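Undergrad: Sharing input_19.tsv (TSV, N, CA and C atoms) below.
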```tsv
chain	number	residue	atom	x	y	z
A	1	MET	N	153.96	181.22	68.87
A	1	MET	CA	153.61	180.60	70.14
A	1	MET	C	154.57	179.43	70.40
A	2	PRO	N	155.18	179.42	71.58
A	2	PRO	CA	156.12	178.32	71.86
A	2	PRO	C	155.42	176.98	71.95
A	3	ARG	N	156.15	175.94	71.59
A	3	ARG	CA	155.59	174.59	71.68
A	3	ARG	C	155.42	174.19	73.13
A	4	LYS	N	154.42	173.38	73.37
A	4	LYS	CA	154.20	172.84	74.72
A	4	LYS	C	155.33	171.89	75.05
A	5	PRO	N	155.66	171.79	76.35
A	5	PRO	CA	156.62	170.74	76.74
A	5	PRO	C	156.08	169.36	76.36
A	6	VAL	N	156.98	168.43	76.11
A	6	VAL	CA	156.58	167.09	75.68
A	6	VAL	C	155.62	166.45	76.68
A	7	TYR	N	155.90	166.59	77.98
A	7	TYR	CA	155.03	165.93	78.95
A	7	TYR	C	153.60	166.45	78.85
A	8	GLU	N	153.42	167.75	78.56
A	8	GLU	CA	152.06	168.30	78.40
A	8	GLU	C	151.40	167.78	77.13
A	9	GLN	N	152.18	167.61	76.07
A	9	GLN	CA	151.63	167.04	74.83
A	9	GLN	C	151.12	165.62	75.08
A	10	VAL	N	151.91	164.83	75.81
A	10	VAL	CA	151.52	163.45	76.11
A	10	VAL	C	150.23	163.45	76.95
A	11	ILE	N	150.18	164.28	77.99
A	11	ILE	CA	148.98	164.37	78.83
A	11	ILE	C	147.77	164.74	77.98
A	12	ASP	N	147.91	165.78	77.15
A	12	ASP	CA	146.79	166.22	76.30
A	12	ASP	C	146.34	165.12	75.35
A	13	ASP	N	147.30	164.44	74.73
A	13	ASP	CA	146.96	163.39	73.75
A	13	ASP	C	146.29	162.19	74.41
A	14	VAL	N	146.82	161.77	75.56
A	14	VAL	CA	146.23	160.61	76.24
A	14	VAL	C	144.82	160.94	76.74
A	15	THR	N	144.66	162.11	77.37
A	15	THR	CA	143.32	162.46	77.88
A	15	THR	C	142.33	162.63	76.73
A	16	ALA	N	142.77	163.19	75.61
A	16	ALA	CA	141.88	163.34	74.44
A	16	ALA	C	141.49	161.96	73.89
A	17	SER	N	142.43	161.02	73.87
A	17	SER	CA	142.13	159.68	73.37
A	17	SER	C	141.15	158.95	74.29
A	18	ILE	N	141.28	159.18	75.60
A	18	ILE	CA	140.36	158.56	76.55
A	18	ILE	C	138.97	159.18	76.40
A	19	ARG	N	138.93	160.52	76.36
A	19	ARG	CA	137.64	161.22	76.20
A	19	ARG	C	136.95	160.84	74.90
A	20	GLY	N	137.75	160.69	73.83
A	20	GLY	CA	137.19	160.39	72.52
A	20	GLY	C	136.83	158.93	72.32
A	21	GLY	N	137.23	158.09	73.27
A	21	GLY	CA	136.88	156.68	73.18
A	21	GLY	C	137.89	155.84	72.42
A	22	THR	N	138.98	156.45	71.94
A	22	THR	CA	140.03	155.68	71.27
A	22	THR	C	140.70	154.75	72.27
A	23	LEU	N	140.93	155.27	73.47
A	23	LEU	CA	141.45	154.45	74.57
A	23	LEU	C	140.30	154.23	75.55
A	24	LYS	N	140.09	152.98	75.89
A	24	LYS	CA	138.98	152.61	76.78
A	24	LYS	C	139.52	152.10	78.11
A	25	PRO	N	138.69	152.13	79.18
A	25	PRO	CA	139.16	151.61	80.46
A	25	PRO	C	139.78	150.22	80.33
A	26	GLY	N	140.95	150.06	80.92
A	26	GLY	CA	141.66	148.79	80.86
A	26	GLY	C	142.64	148.67	79.71
A	27	ASP	N	142.55	149.56	78.71
A	27	ASP	CA	143.49	149.50	77.59
A	27	ASP	C	144.90	149.80	78.07
A	28	LYS	N	145.87	149.11	77.48
A	28	LYS	CA	147.28	149.32	77.82
A	28	LYS	C	147.84	150.44	76.95
A	29	LEU	N	148.56	151.35	77.58
A	29	LEU	CA	149.23	152.42	76.84
A	29	LEU	C	150.55	151.89	76.28
A	30	PRO	N	151.08	152.56	75.26
A	30	PRO	CA	152.40	152.15	74.77
A	30	PRO	C	153.44	152.25	75.89
A	31	THR	N	154.55	151.55	75.74
A	31	THR	CA	155.62	151.61	76.74
A	31	THR	C	156.27	152.99	76.74
A	32	ILE	N	157.03	153.26	77.79
A	32	ILE	CA	157.76	154.53	77.88
A	32	ILE	C	158.67	154.69	76.67
A	33	ALA	N	159.37	153.61	76.29
A	33	ALA	CA	160.28	153.66	75.14
A	33	ALA	C	159.52	153.97	73.85
A	34	GLU	N	158.35	153.34	73.68
A	34	GLU	CA	157.54	153.60	72.47
A	34	GLU	C	157.05	155.04	72.43
A	35	LEU	N	156.59	155.53	73.57
A	35	LEU	CA	156.12	156.92	73.63
A	35	LEU	C	157.28	157.90	73.40
A	36	ALA	N	158.45	157.58	73.96
A	36	ALA	CA	159.61	158.45	73.76
A	36	ALA	C	159.96	158.54	72.27
A	37	ARG	N	159.89	157.41	71.57
A	37	ARG	CA	160.14	157.43	70.11
A	37	ARG	C	159.07	158.23	69.40
A	38	GLN	N	157.81	158.00	69.77
A	38	GLN	CA	156.68	158.67	69.13
A	38	GLN	C	156.79	160.20	69.26
A	39	TYR	N	157.23	160.66	70.43
A	39	TYR	CA	157.32	162.10	70.69
A	39	TYR	C	158.73	162.64	70.47
A	40	ASN	N	159.63	161.79	69.95
A	40	ASN	CA	161.01	162.18	69.68
A	40	ASN	C	161.61	162.83	70.93
A	41	SER	N	161.53	162.10	72.03
A	41	SER	CA	161.88	162.64	73.34
A	41	SER	C	162.70	161.63	74.12
A	42	SER	N	163.24	162.08	75.23
A	42	SER	CA	163.88	161.15	76.17
A	42	SER	C	162.80	160.53	77.06
A	43	ASP	N	163.19	159.60	77.91
A	43	ASP	CA	162.23	158.93	78.78
A	43	ASP	C	161.64	159.85	79.85
A	44	ASN	N	162.44	160.80	80.35
A	44	ASN	CA	162.01	161.59	81.50
A	44	ASN	C	160.70	162.35	81.32
A	45	PRO	N	160.48	163.07	80.21
A	45	PRO	CA	159.19	163.75	80.05
A	45	PRO	C	158.02	162.77	79.96
A	46	ILE	N	158.27	161.59	79.39
A	46	ILE	CA	157.21	160.58	79.28
A	46	ILE	C	156.85	160.07	80.67
A	47	LYS	N	157.88	159.77	81.47
A	47	LYS	CA	157.64	159.31	82.85
A	47	LYS	C	156.88	160.37	83.64
A	48	ARG	N	157.25	161.63	83.45
A	48	ARG	CA	156.57	162.72	84.15
A	48	ARG	C	155.10	162.77	83.76
A	49	ALA	N	154.83	162.66	82.46
A	49	ALA	CA	153.44	162.68	81.97
A	49	ALA	C	152.64	161.52	82.56
A	50	LEU	N	153.22	160.33	82.56
A	50	LEU	CA	152.51	159.16	83.09
A	50	LEU	C	152.26	159.31	84.59
A	51	TRP	N	153.23	159.88	85.30
A	51	TRP	CA	153.06	160.11	86.73
A	51	TRP	C	151.90	161.07	86.98
A	52	ILE	N	151.85	162.16	86.21
A	52	ILE	CA	150.77	163.15	86.37
A	52	ILE	C	149.42	162.53	86.00
A	53	LEU	N	149.37	161.78	84.91
A	53	LEU	CA	148.12	161.12	84.51
A	53	LEU	C	147.65	160.14	85.59
A	54	ASP	N	148.58	159.45	86.21
A	54	ASP	CA	148.25	158.52	87.29
A	54	ASP	C	147.72	159.30	88.50
A	55	GLU	N	148.40	160.38	88.86
A	55	GLU	CA	147.97	161.20	90.00
A	55	GLU	C	146.57	161.77	89.79
A	56	ARG	N	146.25	162.11	88.55
A	56	ARG	CA	144.95	162.72	88.23
A	56	ARG	C	143.85	161.68	88.02
A	57	GLY	N	144.21	160.40	88.05
A	57	GLY	CA	143.21	159.35	87.94
A	57	GLY	C	142.86	158.91	86.53
A	58	TRP	N	143.62	159.35	85.54
A	58	TRP	CA	143.35	158.97	84.15
A	58	TRP	C	143.86	157.57	83.83
A	59	ILE	N	145.01	157.23	84.42
A	59	ILE	CA	145.62	155.93	84.16
A	59	ILE	C	146.04	155.29	85.48
A	60	GLU	N	146.39	154.02	85.40
A	60	GLU	CA	146.99	153.31	86.52
A	60	GLU	C	148.30	152.73	86.03
A	61	VAL	N	149.36	152.99	86.77
A	61	VAL	CA	150.68	152.46	86.41
A	61	VAL	C	150.95	151.25	87.29
A	62	HIS	N	151.23	150.13	86.65
A	62	HIS	CA	151.54	148.89	87.36
A	62	HIS	C	153.00	148.54	87.07
A	63	GLN	N	153.83	148.66	88.10
A	63	GLN	CA	155.27	148.42	87.95
A	63	GLN	C	155.52	147.07	87.29
A	64	GLY	N	156.30	147.09	86.21
A	64	GLY	CA	156.66	145.85	85.53
A	64	GLY	C	155.62	145.34	84.55
A	65	LYS	N	154.43	145.92	84.57
A	65	LYS	CA	153.35	145.48	83.67
A	65	LYS	C	153.00	146.54	82.63
A	66	GLY	N	153.07	147.81	83.03
A	66	GLY	CA	152.75	148.88	82.11
A	66	GLY	C	151.73	149.84	82.67
A	67	SER	N	151.27	150.73	81.80
A	67	SER	CA	150.28	151.75	82.17
A	67	SER	C	148.97	151.43	81.46
A	68	PHE	N	147.88	151.55	82.20
A	68	PHE	CA	146.57	151.19	81.68
A	68	PHE	C	145.58	152.31	81.95
A	69	VAL	N	144.60	152.47	81.07
A	69	VAL	CA	143.53	153.44	81.29
A	69	VAL	C	142.78	153.02	82.55
A	70	ALA	N	142.53	153.99	83.42
A	70	ALA	CA	141.83	153.70	84.68
A	70	ALA	C	140.43	153.15	84.41
A	71	PRO	N	139.92	152.30	85.33
A	71	PRO	CA	138.58	151.74	85.15
A	71	PRO	C	137.50	152.81	85.05
A	72	ARG	N	137.68	153.91	85.81
A	72	ARG	CA	136.72	155.01	85.75
A	72	ARG	C	137.49	156.33	85.66
A	73	PRO	N	137.99	156.68	84.45
A	73	PRO	CA	138.73	157.93	84.32
A	73	PRO	C	137.84	159.13	84.62
A	74	PRO	N	138.43	160.25	85.02
A	74	PRO	CA	137.64	161.44	85.32
A	74	PRO	C	136.83	161.91	84.11
A	75	ALA	N	135.68	162.48	84.37
A	75	ALA	CA	134.85	162.97	83.27
A	75	ALA	C	135.24	164.39	82.88
A	76	GLY	N	135.84	165.11	83.82
A	76	GLY	CA	136.13	166.52	83.59
A	76	GLY	C	137.43	166.75	82.85
A	77	ALA	N	137.96	167.93	83.03
A	77	ALA	CA	139.18	168.34	82.33
A	77	ALA	C	140.38	167.54	82.82
A	78	GLY	N	141.39	167.42	81.92
A	78	GLY	CA	142.58	166.66	82.22
A	78	GLY	C	143.52	167.40	83.08
```
Can you present the structure in this file as structure tokens?

TA:
Amino acid sequence: MPRKPVYEQVIDDVTASIRGGTLKPGDKLPTIAELARQYNSSDNPIKRALWILDERGWIEVHQGKGSFVAPRPPAGAG
């Protein structure tokens, strides 16, 4: 089975951490550079994942401040 693209792995991991309570509303996510190192990836897939998570309401991206878990993340599927 082929590996998932990095951006999908990031989305799955972040949503699982939010659902599991490891990440709570208002928590700051690691920086793009930190996530890129963690996933052994370039910045672009990380940015894509964060953009999708923001669009879906899981996180809020604040330019210059970072990405944070949304105050009321969705209860359903990621």

Undergrad: Measuring between only C-alpha atoms, which one of A:Pro2, A:Gly57, A:Ile52, A:Val14 shows the shortest distance to Lys28 of chain A?

TA: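 Among the listed residues, A:Val14 lies closest to Lys28 of chain A.
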
Undergrad: My list of candidates is A:Lys47, A:Glu55, A:Tyr39, A:Ala70. Which is closest to Lys4 of chain A when distances are computed with only C-alpha atoms?

TA: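 Among the listed residues, the smallest separation from Lys4 of chain A belongs to A:Tyr39.
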
Undergrad: Could you go through segment 3-67 of chain A and tell me which residues DSSP, when run on the backbone, assigns to strand (DSSP E), listing them as a PDB file with N, CA and C atoms, keeping the file's coordinate frame?

TA:
```
ATOM      1  N   ILE A  59     145.010 157.230  84.420  1.00  0.00           N
ATOM      2  CA  ILE A  59     145.620 155.930  84.160  1.00  0.00           C
ATOM      3  C   ILE A  59     146.040 155.290  85.480  1.00  0.00           C
ATOM      4  N   GLU A  60     146.390 154.020  85.400  1.00  0.00           N
ATOM      5  CA  GLU A  60     146.990 153.310  86.520  1.00  0.00           C
ATOM      6  C   GLU A  60     148.300 152.730  86.030  1.00  0.00           C
ATOM      7  N   VAL A  61     149.360 152.990  86.770  1.00  0.00           N
ATOM      8  CA  VAL A  61     150.680 152.460  86.410  1.00  0.00           C
ATOM      9  C   VAL A  61     150.950 151.250  87.290  1.00  0.00           C
ATOM     10  N   HIS A  62     151.230 150.130  86.650  1.00  0.00           N
ATOM     11  CA  HIS A  62     151.540 148.890  87.360  1.00  0.00           C
ATOM     12  C   HIS A  62     153.000 148.540  87.070  1.00  0.00           C
ATOM     13  N   GLY A  66     153.070 147.810  83.030  1.00  0.00           N
ATOM     14  CA  GLY A  66     152.750 148.880  82.110  1.00  0.00           C
ATOM     15  C   GLY A  66     151.730 149.840  82.670  1.00  0.00           C
ATOM     16  N   SER A  67     151.270 150.730  81.800  1.00  0.00           N
ATOM     17  CA  SER A  67     150.280 151.750  82.170  1.00  0.00           C
ATOM     18  C   SER A  67     148.970 151.430  81.460  1.00  0.00           C
TER      19      SER A  67
END
```

Undergrad: Considering all atoms listed in the file, can you say which of A:Ala49, A:Glu60, A:Gly66, A:Pro73 comes closest to Ile11 of chain A?

TA: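 Closest residue, counting all atoms listed in the file: A:Ala49.
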
Undergrad: Going by DSSP on the backbone, which bits of segment 10-64 of chain A are alpha helix (DSSP H)? Write them as a ChimeraX atom specification, please.

TA: /A:10-20,32-38,43-55

Undergrad: Looking at A:Met1, A:Val69, A:Val61, A:Ala75, which one is nearest to Leu29 of chain A, with distances taken over only N, CA and C atoms?

TA: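 Result for the nearest residue to Leu29 of chain A: A:Val69.
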
Undergrad: For Trp58 of chain A, which residue among A:Thr31, A:Asp43, A:Thr15, A:Gln38 is the nearest when counting all atoms listed in the file?

TA: A:Thr15

Undergrad: Kindly give the distance, in Å, that separates atom CA of Gly21 of chain A and atom C of Arg37 of chain A, rounded to a single decimal.

TA: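 Rounded to one decimal, the two atoms are 22.6 Å apart.
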
Undergrad: Counting all atoms listed in the file, figure out which residue out of A:Ser41, A:Pro5, A:Pro30, A:Pro25 gets nearest to Arg72 of chain A.

TA: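 Ranking A:Ser41, A:Pro5, A:Pro30, A:Pro25 by distance to Arg72 of chain A, first place goes to A:Pro25.
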
Undergrad: As an exercise, work out the distance from atom CA of Asp27 of chain A to atom C of Phe68 of chain A in Å and give it to one decimal place.

TA: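 Atom C of Phe68 of chain A lies at a distance of 5.6 Å from atom CA of Asp27 of chain A.
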
Undergrad: Provide the atom C of Pro74 of chain A to atom CA of Asn44 of chain A distance in Å, to one decimal place.

TA: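 We find that atom C of Pro74 of chain A and atom CA of Asn44 of chain A lie 25.3 Å from each other.
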